[in-house]
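K.L.:
I am sharing my_file_26.csv, which consists of CSV, C-alpha atoms:
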chain,number,residue,atom,x,y,z
A,1,MET,CA,260.5,31.6,82.3
A,2,ASP,CA,262.3,31.5,85.6
A,3,LEU,CA,265.4,33.1,84.0
A,4,ALA,CA,263.2,35.8,82.5
A,5,LYS,CA,262.1,36.6,86.0
A,6,GLY,CA,265.7,37.0,87.1
A,7,LYS,CA,265.9,33.7,89.1
A,8,ASP,CA,269.1,31.6,89.2
A,9,ILE,CA,268.9,28.0,88.1
A,10,VAL,CA,270.4,24.9,89.7
A,11,PHE,CA,270.0,21.7,87.7
A,12,ILE,CA,271.2,18.1,88.5
A,13,GLY,CA,270.6,15.5,85.8
A,14,ALA,CA,272.2,12.6,83.9
A,15,CYS,CA,274.7,13.1,81.2
A,16,ARG,CA,273.4,13.7,77.7
A,17,ILE,CA,269.9,14.8,78.6
A,18,GLY,CA,270.4,18.3,77.3
A,19,LYS,CA,271.6,20.2,80.3
A,20,SER,CA,273.7,22.4,78.0
A,21,ALA,CA,270.5,23.9,76.5
A,22,LEU,CA,270.2,25.8,79.8
A,23,PHE,CA,273.3,27.8,78.7
A,24,TYR,CA,272.4,28.1,75.0
A,25,VAL,CA,268.6,28.9,74.9
A,26,PRO,CA,268.7,31.9,77.3
A,27,LEU,CA,271.4,33.5,75.1
A,28,MET,CA,269.3,32.9,72.0
A,29,ALA,CA,266.3,34.5,73.8
A,30,ALA,CA,268.4,37.4,74.9
A,31,ARG,CA,269.5,38.0,71.3
A,32,LEU,CA,265.9,38.2,70.3
A,33,ARG,CA,264.8,40.4,73.2
A,34,PHE,CA,267.8,42.7,73.6
A,35,GLY,CA,269.6,42.4,70.2
A,36,GLN,CA,272.6,40.8,72.0
A,37,GLY,CA,273.3,38.8,75.1
A,38,LEU,CA,276.5,37.6,76.7
A,39,ALA,CA,277.3,34.7,79.0
A,40,ILE,CA,280.4,33.3,80.8
A,41,LEU,CA,280.5,29.6,81.2
A,42,VAL,CA,283.0,28.0,83.6
A,43,VAL,CA,284.1,24.4,82.8
A,44,PRO,CA,286.8,22.2,84.4
A,45,THR,CA,288.8,21.0,81.3
A,46,LYS,CA,290.0,22.2,77.9
A,47,ALA,CA,288.4,19.2,76.2
A,48,LEU,CA,285.0,20.0,77.7
A,49,SER,CA,285.4,23.7,76.7
A,50,LYS,CA,286.2,22.6,73.2
A,51,ASP,CA,283.1,20.4,73.0
A,52,GLN,CA,280.8,23.1,74.5
A,53,ALA,CA,282.2,25.7,72.1
A,54,LYS,CA,281.6,23.4,69.1
A,55,ALA,CA,278.0,22.7,70.2
A,56,ALA,CA,277.3,26.4,70.9
A,57,ASN,CA,278.7,27.6,67.5
A,58,LYS,CA,276.7,24.9,65.8
A,59,ARG,CA,273.6,26.5,67.2
A,60,GLY,CA,274.6,29.9,65.9
A,61,LEU,CA,276.1,31.4,69.1
A,62,CYS,CA,279.4,33.3,68.7
A,63,THR,CA,281.5,31.4,71.1
A,64,ILE,CA,285.1,31.7,72.2
A,65,THR,CA,287.2,29.5,74.6
A,66,ILE,CA,289.9,31.3,76.4
A,67,ASN,CA,292.7,29.1,77.8
A,68,SER,CA,296.5,28.8,77.5
A,69,ASP,CA,296.2,26.9,74.2
A,70,THR,CA,293.8,29.4,72.5
A,71,LEU,CA,295.8,32.4,73.7
A,72,ARG,CA,298.9,30.9,72.2
A,73,ASP,CA,297.2,30.1,68.9
A,74,ALA,CA,295.8,33.7,68.8
A,75,SER,CA,299.2,35.2,69.3
A,76,CYS,CA,300.6,33.2,66.4
A,77,GLN,CA,298.0,34.3,63.9
A,78,MET,CA,298.6,37.0,61.3
A,79,PRO,CA,297.4,39.5,62.0
A,80,GLN,CA,297.7,38.7,65.7
A,81,ARG,CA,294.4,38.3,67.5
A,82,LYS,CA,293.8,39.6,71.0
A,83,PRO,CA,291.0,37.5,72.6
A,84,PHE,CA,290.8,39.7,75.7
A,85,ASP,CA,290.3,42.8,73.6
A,86,GLU,CA,287.6,40.9,71.6
A,87,VAL,CA,285.8,40.3,74.9
A,88,ALA,CA,285.9,44.0,75.8
A,89,GLU,CA,284.6,44.9,72.3
A,90,GLY,CA,281.5,42.6,72.6
A,91,LEU,CA,282.4,40.4,69.7
A,92,TRP,CA,281.3,37.2,71.5
A,93,GLU,CA,278.1,35.9,73.0
A,94,LEU,CA,279.5,33.0,75.0
A,95,ILE,CA,282.9,33.0,76.7
A,96,ILE,CA,284.1,29.6,78.0
A,97,VAL,CA,286.8,29.6,80.6
A,98,SER,CA,288.3,27.6,83.4
A,99,PRO,CA,287.9,28.8,87.0
A,100,GLU,CA,291.7,29.6,87.0
A,101,MET,CA,291.3,31.7,83.8
A,102,LEU,CA,288.7,33.8,85.6
A,103,LYS,CA,291.5,35.1,87.8
A,104,HIS,CA,293.6,36.3,84.8
A,105,PRO,CA,294.2,40.0,85.4
A,106,GLU,CA,293.8,40.9,81.7
A,107,LEU,CA,290.4,39.2,81.5
A,108,ASN,CA,289.3,40.8,84.8
A,109,LYS,CA,290.2,44.2,83.4
A,110,LYS,CA,288.2,43.7,80.2
A,111,MET,CA,285.2,42.3,82.1
A,112,GLN,CA,284.9,45.7,83.8
A,113,THR,CA,284.4,47.6,80.6
A,114,LYS,CA,281.0,49.2,79.9
A,115,VAL,CA,280.4,47.1,76.8
A,116,PHE,CA,280.9,43.9,78.7
A,117,ARG,CA,278.8,45.0,81.7
A,118,ASP,CA,276.0,46.3,79.5
A,119,HIS,CA,275.7,42.9,77.7
A,120,ILE,CA,276.4,40.3,80.4
A,121,ARG,CA,273.2,38.4,81.2
A,122,PHE,CA,274.3,35.0,82.5
A,123,PHE,CA,277.0,33.3,84.4
A,124,GLY,CA,277.2,29.5,84.1
A,125,VAL,CA,279.1,26.8,85.9
A,126,ASP,CA,279.2,23.3,84.5
A,127,LYS,CA,280.1,20.4,86.9
A,128,PHE,CA,279.3,22.7,89.9
A,129,HIS,CA,279.9,19.8,92.3
A,130,LEU,CA,283.6,20.6,92.0
A,131,VAL,CA,283.1,23.6,94.3
A,132,GLN,CA,283.2,20.9,97.0
A,133,ASP,CA,286.7,20.3,98.4
A,134,HIS,CA,288.0,17.0,97.0
A,135,GLY,CA,291.3,16.7,98.8
A,136,GLU,CA,294.9,17.9,98.6
A,137,ASP,CA,294.9,18.2,94.8
A,138,PHE,CA,291.6,20.0,94.7
A,139,ARG,CA,291.5,23.0,92.3
A,140,SER,CA,290.9,25.8,94.9
A,141,ALA,CA,289.9,28.2,92.1
A,142,TYR,CA,286.5,26.5,92.1
A,143,GLN,CA,285.8,27.7,95.7
A,144,GLU,CA,286.6,31.3,94.6
A,145,ILE,CA,283.9,31.4,91.9
A,146,SER,CA,281.5,32.9,94.3
A,147,VAL,CA,283.4,36.2,94.4
A,148,TRP,CA,281.9,36.9,91.0
A,149,ARG,CA,278.6,37.5,92.7
A,150,SER,CA,279.9,40.9,93.8
A,151,CYS,CA,282.0,41.6,90.6
A,152,LEU,CA,279.2,41.2,88.1
A,153,PRO,CA,276.1,43.3,87.8
A,154,PRO,CA,273.4,42.3,90.3
A,155,ASP,CA,270.9,41.3,87.6
A,156,VAL,CA,273.1,38.6,86.1
A,157,CYS,CA,271.4,35.2,86.4
A,158,TRP,CA,273.5,32.2,87.5
A,159,ILE,CA,273.0,28.8,85.8
A,160,ILE,CA,274.8,25.8,87.4
A,161,THR,CA,274.6,22.2,86.3
A,162,THR,CA,276.1,18.8,87.1
A,163,ALA,CA,275.5,15.1,86.5
A,164,MET,CA,277.1,14.2,89.8
A,165,PRO,CA,275.1,14.8,93.0
A,166,PRO,CA,277.4,16.2,95.6
A,167,THR,CA,279.0,13.5,97.9
A,168,GLY,CA,279.6,14.1,101.5
A,169,ALA,CA,278.0,17.6,101.6
A,170,SER,CA,274.4,18.8,101.3
A,171,PRO,CA,273.7,20.4,97.9
A,172,TYR,CA,272.3,23.4,99.9
A,173,THR,CA,275.7,23.8,101.7
A,174,MET,CA,277.3,24.1,98.3
A,175,LEU,CA,274.7,26.5,97.1
A,176,ASN,CA,275.3,28.7,100.1
A,177,SER,CA,279.0,28.7,99.3
A,178,LEU,CA,278.1,30.0,95.8
A,179,ARG,CA,275.8,32.6,97.4
A,180,PHE,CA,272.6,31.2,96.2
A,181,LYS,CA,269.7,32.5,98.3
A,182,GLU,CA,266.2,31.3,98.6
A,183,PRO,CA,263.7,32.1,97.1
A,184,GLU,CA,265.9,33.6,94.4
A,185,TYR,CA,266.8,30.4,92.7
A,186,ILE,CA,265.0,27.3,91.2
A,187,PHE,CA,266.4,23.9,92.1
A,188,ARG,CA,265.6,20.9,89.9
A,189,LYS,CA,267.0,17.4,90.4
A,190,LEU,CA,266.3,14.6,87.9
A,191,PRO,CA,267.4,11.0,88.3
A,192,VAL,CA,271.1,10.6,87.3
A,193,ASP,CA,270.7,6.9,86.4
A,194,ARG,CA,271.5,5.7,82.9
A,195,PRO,CA,268.9,3.0,82.2
A,196,HIS,CA,269.7,2.5,78.5
A,197,ILE,CA,273.5,2.0,78.0
A,198,ASN,CA,274.2,0.6,74.6
A,199,SER,CA,277.2,0.0,72.4
A,200,SER,CA,277.4,3.6,71.4
A,201,THR,CA,277.3,5.0,75.0
A,202,MET,CA,279.2,2.3,77.0
A,203,TYR,CA,282.5,4.0,76.3
A,204,ASP,CA,281.4,7.1,78.2
A,205,ILE,CA,282.4,6.9,81.8
A,206,ALA,CA,282.0,10.6,82.8
A,207,TRP,CA,278.4,10.0,84.0
A,208,ALA,CA,279.6,7.4,86.6
A,209,ILE,CA,283.1,8.5,87.5
A,210,PRO,CA,283.7,12.2,88.5
A,211,MET,CA,286.5,13.9,86.6
A,212,SER,CA,287.8,15.1,89.9
A,213,ALA,CA,288.3,11.5,91.3
A,214,LYS,CA,291.8,11.0,92.7
A,215,LYS,CA,291.2,7.8,94.6
A,216,PRO,CA,288.6,5.0,94.6
A,217,LYS,CA,286.7,6.4,97.5
A,218,ASP,CA,286.0,9.6,95.5
A,219,ILE,CA,283.8,7.6,93.2
A,220,PRO,CA,280.2,7.1,94.3
A,221,LYS,CA,278.7,3.6,94.2
A,222,CYS,CA,277.1,2.8,90.9
A,223,ILE,CA,275.6,-0.5,89.8
A,224,ILE,CA,275.4,-1.3,86.1
A,225,PHE,CA,273.0,-4.1,85.0
A,226,CYS,CA,273.7,-5.8,81.7
A,227,HIS,CA,271.3,-8.2,80.1
A,228,THR,CA,273.9,-10.5,78.7
A,229,ILE,CA,277.5,-11.5,79.4
A,230,GLU,CA,278.3,-10.7,75.8
A,231,PHE,CA,277.6,-7.1,76.5
A,232,GLY,CA,278.5,-6.9,80.2
A,233,TYR,CA,282.1,-8.1,79.9
A,234,PRO,CA,283.2,-5.6,77.2
A,235,SER,CA,281.4,-2.8,79.0
A,236,TRP,CA,283.3,-3.6,82.2
A,237,SER,CA,286.7,-4.1,80.5
A,238,GLU,CA,286.3,-0.9,78.5
A,239,ARG,CA,285.7,1.1,81.6
A,240,LYS,CA,288.6,-0.6,83.3
A,241,ARG,CA,290.8,0.3,80.4
A,242,ARG,CA,289.9,3.9,80.4
A,243,LEU,CA,290.5,4.4,84.2
A,244,PRO,CA,293.9,5.3,85.5
A,245,GLY,CA,295.6,2.4,87.1
A,246,HIS,CA,295.3,3.7,90.7
A,247,LEU,CA,291.5,3.8,90.2
A,248,ASN,CA,291.0,0.3,88.7
A,249,SER,CA,290.2,-1.2,92.1
A,250,CYS,CA,286.9,0.6,92.1
A,251,LEU,CA,285.5,-1.7,89.4
A,252,SER,CA,284.1,-5.2,90.3
A,253,GLN,CA,282.2,-7.8,88.4
A,254,TYR,CA,279.3,-9.7,89.9
So, in terms of structure tokens, how does the structure I just supplied come out?
P.N.:
Amino acid sequence: MDLAKGKDIVFIGACRIGKSALFYVPLMAARLRFGQGLAILVVPTKALSKDQAKAANKRGLCTITINSDTLRDASCQMPQRKPFDEVAEGLWELIIVSPEMLKHPELNKKMQTKVFRDHIRFFGVDKFHLVQDHGEDFRSAYQEISVWRSCLPPDVCWIITTAMPPTGASPYTMLNSLRFKEPEYIFRKLPVDRPHINSSTMYDIAWAIPMSAKKPKDIPKCIIFCHTIEFGYPSWSERKRRLPGHLNSCLSQY
């Protein structure tokens, strides 16, 4: 309802609680209401873009990921595909890109076409906590996402989500950097604890360790309680195995 009223959405919640529905459902509603809707979704990694595209296509949304791999694959197809032209022609409902790809001159050119601007309804950012500076290796393109406020039509709604509450900076400071203005947005924050880790979810470390982590101090404190040693030790050792060596010191057993 808030999106229908033109309000932006800010949502913080634990992994695997359905945050992605905030990107999919509005597009489905736009299809019913307008005949077609279009959204851009910014994600940090190719793996995540692949997962998001798979989930969106499964729900009947025409989705494309545009990155160096998909552009190369498209150029090798016969006949050769041109993803940027497909964007301009309105063939896709959801376009998933990295913040760096947003700066691609060809994509920028196509996003100024009448078809694109007539259909664009939503602009999404997954893992929006990455707009916060995370050190020397920080991907500065995240801080430049806000320029799209002035590039897109003014009625485009922004939807940003994360499972990682910002560390060291107020969420409102980050929202200001993305040009979110009260009372034009809705802010919802749910607990990010994971109270029911089991054998099928213990291998997932994304909810506890930010993908942007470069050093142990980048990882917020997290306490995992296990009912038994039989479950606790393999849970700890699996997380330790999945971490890069320079981050292993952040894990301790008690």
K.L.:
Show me, as a ChimeraX atom specification, the residues that have an atom within 10 Å of range 174-180 of chain A when counting all atoms listed in the file, minus same-chain residues fewer than 5 positions from it.
P.N.:
/A:8-10,128-132,142-150,158,160,166,169,185-186
K.L.:
Expressed in Å to a single decimal, how great is the separation between CA of Leu41 in chain A and CA of Glu182 in chain A?
P.N.:
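Pair CA of Leu41 in chain A / CA of Glu182 in chain A returns 22.6 Å.
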K.L.:
Between A:Leu190, A:Leu152, A:Val43, A:Ile96, which is the closest to Gly18 in chain A once you count only C-alpha atoms?
P.N.:
A:Leu190
K.L.:
At what distance in Å, to one decimal, does CA of Leu107 in chain A lie from CA of Val42 in chain A?
P.N.:
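Computing the Euclidean distance for CA of Val42 in chain A and CA of Leu107 in chain A yields 13.6 Å.
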K.L.:
Record the distance separating CA of Thr113 in chain A and CA of Asp126 in chain A, expressed in Å with one decimal.
P.N.:
25.2 Å
K.L.:
Need to verify the contact set: Ala55 in chain A, 10 Å, only C-alpha atoms, exclusion of same-chain residues closer than 6 positions in sequence. Can you return it as a list in words?
P.N.:
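These residues fall inside the cut-off: Ser20, Ala21, Tyr24, Ser49, Leu61 and Thr63 of chain A.
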K.L.:
Taking the point (275.4, 34.2, 81.4) as given in the file, collect each protein or nucleic acid residue that comes within 6 Å of it, counting all atoms listed in the file, and present the set as number ranges by chain.
P.N.:
A: 38-40, 121-124
K.L.:
Counting all atoms listed in the file, which residue out of A:Gln80, A:Asn57, A:Gln112, A:Ser98 sits closest to Lys127 in chain A?
P.N.:
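Looking at the shortest contact to Lys127 in chain A, the residue is A:Ser98.
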K.L.:
Do you know which residues lie at most 7 Å from (275.3, 34.6, 73.7), with coordinates as in the file and only C-alpha atoms counted, and could you write them as a PyMOL selection string?
P.N.:
chain A and resi 27-28+36-39+61-62+92-94
K.L.:
Pick out the closest residue to Pro183 in chain A from this set: A:Pro171, A:Gly232, A:Pro105, A:Gly6. Count all atoms listed in the file.
P.N.:
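Residue with the minimum atom-to-atom distance to Pro183 in chain A: A:Gly6.
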